[in-house]
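Novice: mmCIF, C-alpha atoms (C1' of nucleotides), file target30.cif:
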data_protein
#
loop_
_atom_site.label_atom_id
_atom_site.label_comp_id
_atom_site.auth_asym_id
_atom_site.auth_seq_id
_atom_site.Cartn_x
_atom_site.Cartn_y
_atom_site.Cartn_z
CA MET R 27 14.66 -21.33 6.90
CA SER R 28 11.39 -20.72 8.64
CA ALA R 29 8.03 -21.09 6.97
CA LEU R 30 7.36 -17.47 7.89
CA GLN R 31 8.03 -15.16 5.03
CA SER R 32 7.60 -11.68 3.76
CA LEU R 33 5.20 -10.56 1.09
CA GLY R 34 8.04 -10.27 -1.43
CA GLU R 35 9.32 -13.74 -0.69
CA PHE R 36 5.85 -15.19 -1.00
CA LEU R 37 5.16 -13.41 -4.28
CA GLY R 38 8.45 -14.57 -5.76
CA LYS R 39 7.82 -18.17 -4.85
CA ALA R 40 4.22 -18.00 -6.01
CA ARG R 41 5.38 -16.64 -9.37
CA THR R 42 7.96 -19.36 -9.95
CA ALA R 43 5.48 -21.95 -8.71
CA ALA R 44 3.13 -20.64 -11.41
CA GLY R 45 5.94 -20.97 -13.95
CA LYS R 46 5.81 -17.33 -15.00
CA THR R 47 8.52 -14.78 -15.71
CA LEU R 48 8.47 -11.16 -14.57
CA ARG R 49 7.65 -10.02 -18.08
CA ALA R 50 4.90 -12.62 -18.46
CA VAL R 51 3.30 -11.26 -15.30
CA GLU R 52 3.79 -7.73 -16.59
CA SER R 53 1.91 -8.45 -19.82
CA GLU R 54 -0.81 -10.25 -17.88
CA THR R 55 -1.34 -7.69 -15.13
CA GLY R 56 0.03 -4.42 -16.47
CA ILE R 57 2.41 -4.16 -13.51
CA SER R 58 5.92 -3.33 -14.72
CA ASN R 59 8.63 -5.98 -14.38
CA ALA R 60 10.84 -3.37 -12.72
CA TYR R 61 8.29 -2.90 -10.00
CA LEU R 62 7.65 -6.62 -9.65
CA SER R 63 11.37 -7.18 -9.14
CA GLN R 64 11.50 -4.54 -6.42
CA LEU R 65 8.41 -6.02 -4.82
CA GLU R 66 9.87 -9.53 -4.69
CA ASN R 67 13.13 -8.24 -3.28
CA GLY R 68 11.50 -6.42 -0.41
CA LYS R 69 12.13 -2.91 -1.68
CA ILE R 70 8.44 -2.09 -1.72
CA LYS R 71 6.65 -2.14 1.62
CA SER R 72 3.03 -1.31 0.82
CA PRO R 73 1.85 -2.08 -2.69
CA SER R 74 -1.64 -0.90 -3.55
CA PRO R 75 -4.59 -3.20 -2.92
CA GLN R 76 -5.33 -2.98 -6.65
CA ASN R 77 -1.95 -4.49 -7.52
CA LEU R 78 -2.26 -7.14 -4.83
CA HIS R 79 -5.60 -8.09 -6.35
CA LYS R 80 -4.13 -8.41 -9.84
CA LEU R 81 -1.29 -10.57 -8.54
CA ALA R 82 -3.67 -12.76 -6.54
CA LEU R 83 -5.60 -13.48 -9.74
CA CYS R 84 -2.43 -14.01 -11.77
CA TYR R 85 -0.94 -16.49 -9.31
CA SER R 86 -4.25 -18.06 -8.24
CA VAL R 87 -3.66 -17.27 -4.60
CA SER R 88 -5.92 -15.58 -2.08
CA TYR R 89 -6.21 -11.81 -2.25
CA GLU R 90 -6.91 -11.81 1.46
CA LEU R 91 -3.66 -13.64 2.10
CA LEU R 92 -1.71 -11.03 0.17
CA MET R 93 -3.48 -8.26 2.08
CA GLU R 94 -2.55 -10.01 5.29
CA LEU R 95 1.10 -10.35 4.28
CA ALA R 96 1.16 -6.68 3.27
CA GLY R 97 0.05 -5.76 6.78
CA PHE R 98 -3.32 -4.36 5.73
CA PRO R 99 -6.28 -4.76 8.07
CA LEU R 100 -8.86 -7.23 6.82
CA PRO R 101 -12.59 -6.58 7.03
CA ASN R 102 -13.94 -7.88 10.33
CA ALA R 103 -10.43 -8.48 11.64
CA SER R 104 -10.93 -6.13 14.57
CA ASP R 105 -14.27 -7.69 15.49
CA ARG R 106 -12.81 -11.15 15.52
CA ALA R 107 -9.65 -10.07 17.30
CA THR R 108 -11.62 -9.29 20.44
CA ALA R 109 -13.65 -12.47 20.10
CA ASN R 110 -10.65 -14.74 19.77
CA LYS R 111 -8.50 -14.38 22.81
CA ALA R 112 -7.44 -17.99 22.90
CA ALA R 113 -3.75 -18.44 23.44
CA ARG R 114 -3.69 -21.73 21.61
CA ILE R 115 -4.89 -22.33 18.08
CA GLY R 116 -8.56 -22.99 18.74
CA PRO R 117 -11.23 -22.78 16.04
CA LEU R 118 -10.35 -20.95 12.84
CA THR R 119 -12.02 -17.88 11.46
CA ASP R 120 -13.02 -17.86 7.81
CA ASP R 121 -10.12 -15.54 7.03
CA GLU R 122 -7.64 -17.75 8.78
CA GLU R 123 -8.96 -20.88 7.17
CA ALA R 124 -8.71 -19.37 3.70
CA ALA R 125 -5.18 -18.14 4.40
CA LEU R 126 -4.05 -21.52 5.71
CA VAL R 127 -5.52 -23.43 2.80
CA GLU R 128 -3.70 -21.22 0.34
CA TYR R 129 -0.52 -21.48 2.30
CA LEU R 130 -0.74 -25.26 2.42
CA GLN R 131 -1.24 -25.34 -1.33
CA PHE R 132 1.91 -23.30 -1.66
CA ILE R 133 3.92 -25.56 0.65
CA ARG R 134 2.89 -28.64 -1.31
CA SER R 135 3.62 -27.14 -4.69
CA ARG R 136 7.09 -26.35 -3.46
CA LYS R 137 7.59 -29.91 -2.16
CA ARG R 138 6.66 -31.25 -5.57
CA GLY R 139 9.41 -29.05 -6.94
CA ASP R 140 7.31 -27.26 -9.52
CA MET D 21 -30.43 5.63 -6.70
CA SER D 22 -27.52 7.97 -7.05
CA ALA D 23 -23.97 7.18 -7.96
CA LEU D 24 -21.57 6.20 -5.27
CA GLN D 25 -20.82 9.02 -2.91
CA SER D 26 -17.20 10.12 -2.93
CA LEU D 27 -14.94 8.94 -0.15
CA GLY D 28 -14.14 12.47 0.99
CA GLU D 29 -17.78 13.49 1.07
CA PHE D 30 -18.67 10.43 3.10
CA LEU D 31 -15.83 10.91 5.56
CA GLY D 32 -16.81 14.53 6.12
CA LYS D 33 -20.41 13.61 6.83
CA ALA D 34 -19.38 10.74 9.08
CA ARG D 35 -17.10 13.04 11.08
CA THR D 36 -19.70 15.75 11.64
CA ALA D 37 -22.29 13.08 12.39
CA ALA D 38 -19.91 11.81 15.07
CA GLY D 39 -19.61 15.38 16.40
CA LYS D 40 -15.83 15.46 16.07
CA THR D 41 -13.44 18.14 14.85
CA LEU D 42 -10.46 17.50 12.60
CA ARG D 43 -8.09 17.92 15.52
CA ALA D 44 -10.16 15.61 17.71
CA VAL D 45 -9.88 12.93 15.04
CA GLU D 46 -6.17 13.67 14.75
CA SER D 47 -5.59 13.09 18.46
CA GLU D 48 -7.72 9.95 18.36
CA THR D 49 -6.25 8.35 15.25
CA GLY D 50 -2.83 9.95 14.80
CA ILE D 51 -3.81 11.14 11.31
CA SER D 52 -2.91 14.81 10.86
CA ASN D 53 -5.72 17.35 10.58
CA ALA D 54 -4.05 18.70 7.45
CA TYR D 55 -4.31 15.34 5.78
CA LEU D 56 -7.86 14.79 7.00
CA SER D 57 -8.88 18.10 5.47
CA GLN D 58 -7.38 17.13 2.13
CA LEU D 59 -9.09 13.76 2.33
CA GLU D 60 -12.52 15.27 2.94
CA ASN D 61 -12.05 17.74 0.11
CA GLY D 62 -11.18 15.10 -2.43
CA LYS D 63 -7.52 15.98 -2.79
CA ILE D 64 -6.39 12.51 -1.75
CA LYS D 65 -7.39 9.66 -4.01
CA SER D 66 -6.02 6.54 -2.36
CA PRO D 67 -5.50 6.68 1.39
CA SER D 68 -3.85 3.64 2.92
CA PRO D 69 -6.04 0.77 4.17
CA GLN D 70 -4.49 1.37 7.61
CA ASN D 71 -5.83 4.91 7.72
CA LEU D 72 -9.22 3.83 6.40
CA HIS D 73 -9.35 1.26 9.18
CA LYS D 74 -8.56 3.86 11.85
CA LEU D 75 -11.23 6.20 10.50
CA ALA D 76 -13.79 3.40 10.33
CA LEU D 77 -13.20 2.71 14.01
CA CYS D 78 -13.22 6.42 14.90
CA TYR D 79 -16.51 7.11 13.11
CA SER D 80 -18.09 3.71 13.81
CA VAL D 81 -18.65 3.03 10.13
CA SER D 82 -17.86 -0.02 8.04
CA TYR D 83 -14.23 -0.51 7.02
CA GLU D 84 -15.42 -2.46 3.99
CA LEU D 85 -17.55 0.46 2.90
CA LEU D 86 -14.58 2.83 3.11
CA MET D 87 -12.47 0.37 1.12
CA GLU D 88 -15.18 0.24 -1.51
CA LEU D 89 -15.51 4.04 -1.66
CA ALA D 90 -11.74 4.27 -2.04
CA GLY D 91 -11.97 1.99 -5.07
CA PHE D 92 -10.10 -0.90 -3.50
CA PRO D 93 -11.04 -4.46 -4.43
CA LEU D 94 -12.82 -6.32 -1.67
CA PRO D 95 -12.31 -9.97 -0.83
CA ASN D 96 -15.34 -11.57 -2.42
CA ALA D 97 -17.08 -14.82 -3.09
CA SER D 98 -14.88 -15.72 -6.05
CA ASP D 99 -11.78 -15.43 -3.86
CA ARG D 100 -13.29 -17.87 -1.44
CA ALA D 101 -14.33 -20.18 -4.28
CA THR D 102 -10.70 -20.35 -5.34
CA ALA D 103 -9.71 -21.14 -1.80
CA ASN D 104 -12.36 -23.82 -1.55
CA LYS D 105 -11.11 -25.48 -4.72
CA ALA D 106 -7.72 -25.76 -3.11
CA ALA D 107 -9.34 -27.12 0.02
CA ARG D 108 -9.41 -30.70 -1.27
CA ILE D 109 -6.20 -31.22 0.56
CA GLY D 110 -6.39 -34.48 2.41
CA PRO D 111 -4.72 -35.21 5.75
CA LEU D 112 -1.77 -33.12 6.85
CA THR D 113 1.72 -34.44 7.36
CA ASP D 114 3.47 -33.45 10.58
CA ASP D 115 5.70 -31.03 8.71
CA GLU D 116 2.73 -29.39 7.04
CA GLU D 117 0.86 -29.07 10.28
CA ALA D 118 3.86 -27.50 11.97
CA ALA D 119 4.25 -25.03 9.12
CA LEU D 120 0.56 -24.08 9.24
CA VAL D 121 0.55 -23.60 13.00
CA GLU D 122 3.61 -21.40 12.75
CA TYR D 123 2.03 -19.46 9.95
CA LEU D 124 -1.24 -19.01 11.82
CA GLN D 125 0.63 -17.63 14.81
CA PHE D 126 2.35 -15.25 12.44
CA ILE D 127 -1.00 -14.08 11.07
CA ARG D 128 -2.45 -13.56 14.51
CA SER D 129 0.57 -11.75 15.86
CA ARG D 130 0.27 -9.31 13.00
CA LYS D 131 -3.39 -8.76 13.76
CA ARG D 132 -2.63 -8.04 17.38
CA GLY D 133 0.19 -5.72 16.33
CA ASP D 134 -2.14 -3.30 14.55
"C1'" DT P 27 33.31 -15.44 -32.42
"C1'" DC P 28 29.33 -12.72 -32.80
"C1'" DA P 29 24.44 -11.67 -32.65
"C1'" DT P 30 20.07 -12.64 -30.70
"C1'" DT P 31 16.97 -13.35 -27.12
"C1'" DC P 32 15.71 -14.64 -22.96
"C1'" DT P 33 16.18 -13.85 -17.68
"C1'" DG P 34 16.14 -10.70 -13.32
"C1'" DC P 35 17.75 -6.35 -11.85
"C1'" DT P 36 19.20 -1.20 -11.47
"C1'" DT P 37 18.76 3.57 -12.41
"C1'" DG P 38 16.47 7.92 -12.92
"C1'" DG P 39 12.34 10.07 -12.90
"C1'" DT P 40 7.21 11.41 -11.76
"C1'" DA P 41 3.14 11.41 -8.99
"C1'" DT P 42 1.17 11.42 -4.66
"C1'" DA P 43 0.41 9.96 0.38
"C1'" DG P 44 1.12 12.07 4.52
"C1'" DC P 45 2.97 15.60 7.97
"C1'" DA P 46 4.73 20.19 10.35
"C1'" DA P 47 3.90 24.73 10.41
"C1'" DG P 48 1.16 28.38 9.92
"C1'" DC P 49 -2.74 31.17 7.80
"C1'" DG P 50 -7.62 33.45 7.83
"C1'" DT P 51 -11.97 33.27 9.95
"C1'" DT P 52 -15.27 32.85 13.62
"C1'" DG P 53 -16.77 33.22 18.22
"C1'" DC P 54 -16.15 34.11 22.96
"C1'" DT P 55 -14.89 36.98 27.02
"C1'" DA P 56 -13.17 40.95 29.21
"C1'" DT M 22 -12.32 47.42 21.27
"C1'" DA M 23 -8.47 43.90 22.18
"C1'" DG M 24 -7.11 39.30 23.03
"C1'" DC M 25 -7.45 34.49 22.74
"C1'" DA M 26 -8.72 29.96 21.34
"C1'" DA M 27 -10.64 26.74 18.19
"C1'" DC M 28 -12.15 25.79 13.67
"C1'" DG M 29 -10.99 24.24 8.68
"C1'" DC M 30 -7.67 24.97 5.28
"C1'" DT M 31 -3.14 25.93 2.55
"C1'" DT M 32 1.68 25.63 1.83
"C1'" DG M 33 6.02 23.40 1.52
"C1'" DC M 34 8.30 19.47 2.33
"C1'" DT M 35 9.80 14.26 2.66
"C1'" DA M 36 9.12 9.50 1.69
"C1'" DT M 37 7.80 6.14 -1.43
"C1'" DA M 38 4.81 3.64 -4.93
"C1'" DC M 39 5.35 2.86 -9.54
"C1'" DC M 40 7.19 3.15 -14.49
"C1'" DA M 41 10.43 3.70 -18.86
"C1'" DA M 42 14.70 2.66 -20.24
"C1'" DG M 43 18.41 0.09 -20.16
"C1'" DC M 44 22.17 -3.06 -18.04
"C1'" DA M 45 24.51 -7.75 -17.06
"C1'" DG M 46 24.56 -12.53 -17.40
"C1'" DA M 47 23.10 -17.02 -19.45
"C1'" DA M 48 21.58 -19.74 -23.25
"C1'" DT M 49 21.20 -20.63 -28.11
"C1'" DG M 50 22.51 -20.84 -32.71
"C1'" DA M 51 25.03 -19.34 -37.20
#
Render the structure in this file as structure tokens.
Specialist:
Amino acid sequence: MSALQSLGEFLGKARTAAGKTLRAVESETGISNAYLSQLENGKIKSPSPQNLHKLALCYSVSYELLMELAGFPLPNASDRATANKAARIGPLTDDEEAALVEYLQFIRSRKRGD
Amino acid sequence: MSALQSLGEFLGKARTAAGKTLRAVESETGISNAYLSQLENGKIKSPSPQNLHKLALCYSVSYELLMELAGFPLPNASDRATANKAARIGPLTDDEEAALVEYLQFIRSRKRGD
DNA sequence: TCATTCTGCTTGGTATAGCAAGCGTTGCTA
DNA sequence: TAGCAACGCTTGCTATACCAAGCAGAATGA
């Protein structure tokens, strides 16, 4: 399948990559395992920024990346959107660089099979 | 210095400072005047980041400030430090590069979509 | 076989974000 | 005075984020 994925997909893979169970994440973050299950299975569309922040810390991934996947506007996104009209990749913004680094880390952890 | 101003208080002042009525903001942002009234009177605790972003643009105020007033975590230096740790990544394989390019296009298409 | 203990998942419920409709007040014009 | 329009606000409703409780299957051991 494509490398593109939903927030739920990403969170599920990040959790297993971190070697944690739903209940382990629940005791670590205070987010119920019921809700985490719904989140990973795409039944929740817009989790709160607070919960995204807790999960970012728990999985050691970028909070900004989770915000991006959730469809939330990032600070300065609108400013940079007008600045970057390039059709091809071009130079990266800080946000994009951070997101790509985290995503690459994720890809490689999955290749290692952990 | 005083405590943080409430979100509703700030939004009300920003709107009158911009010389706009509730219905003017409604027609500009698509957010109902009923909801805007509740927001300004403190009856809404956690508006969506999307709506905060629209109001930031409408009032020409900082989106980050609204996020902070709403009590949402902001992407901060420690997030970027985590990303930078993961940035010791070495050269990319072709597969990794393809995945990152695809993912970057995904990110940017979502930014344009908002 | 039976009990225990993990795992993810489902169900039923509550709280609240957000909107459509409409209210009371103010101010303007005839 | 009546009539109208615009203002902020309230009410009643729907959709959904989130949780407590518990279910179903797999693994493990007595």
Novice: Could you pull the residues within 10 Å of DC28 in chain M, counting only C-alpha atoms (C1' of nucleotides), minus those fewer than 4 positions along the same chain, as a PyMOL selection string?
Specialist: (chain D and resi 41-43) or (chain P and resi 51-53)
Novice: Hey, what's within 12 Å of DC34 in chain M if we count all atoms listed in the file and toss same-chain stuff fewer than 5 positions away? As JSON, numbers by chain, please?
Specialist: {"P": [44, 45, 46, 47]}
Novice: Using all atoms listed in the file, find the one residue out of D:Val45, D:His73, D:Gly50, D:Ser26 that sits nearest to chain P.
Specialist: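 Going through D:Val45, D:His73, D:Gly50, D:Ser26 one by one, the smallest distance to chain P is for D:Gly50.
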Novice: How close does each residue of chain D get to chain M, giving the shortest atom pair and distance in Å to one decimal for every residue with an atom at most 12 Å away, counting all atoms listed in the file, sorted by chain and residue number, as a tab-separated table?
Specialist:
residue	atom	partner	partner_atom	distance
D:Gly32	CA	M:DG29	C1'	11.6
D:Lys40	CA	M:DC28	C1'	11.2
D:Thr41	CA	M:DC28	C1'	7.8
D:Leu42	CA	M:DG29	C1'	7.8
D:Arg43	CA	M:DC28	C1'	9.0
D:Ala44	CA	M:DC28	C1'	11.1
D:Asn53	CA	M:DG29	C1'	8.9
D:Ala54	CA	M:DC30	C1'	7.6
D:Tyr55	CA	M:DC30	C1'	10.2
D:Leu56	CA	M:DG29	C1'	10.1
D:Ser57	CA	M:DC30	C1'	7.0
D:Gln58	CA	M:DC30	C1'	8.5
D:Leu59	CA	M:DC30	C1'	11.7
D:Glu60	CA	M:DG29	C1'	10.8
D:Asn61	CA	M:DC30	C1'	9.9
D:Ser66	CA	M:DA38	C1'	11.5
D:Ser68	CA	M:DA38	C1'	11.7
Novice: Do you have the CA of Tyr79 in chain D-C1' of DG50 in chain P distance handy?
Specialist: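 These two atoms are separated by 28.3 Å.
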Novice: Starting from the displayed file, determine the output of the PyMOL selection byres ((chain D and resi 49) around 9) and express the residue list as an NGL selection string.
Specialist: :D and (44-48 or 50-52 or 71 or 74-75 or 78)
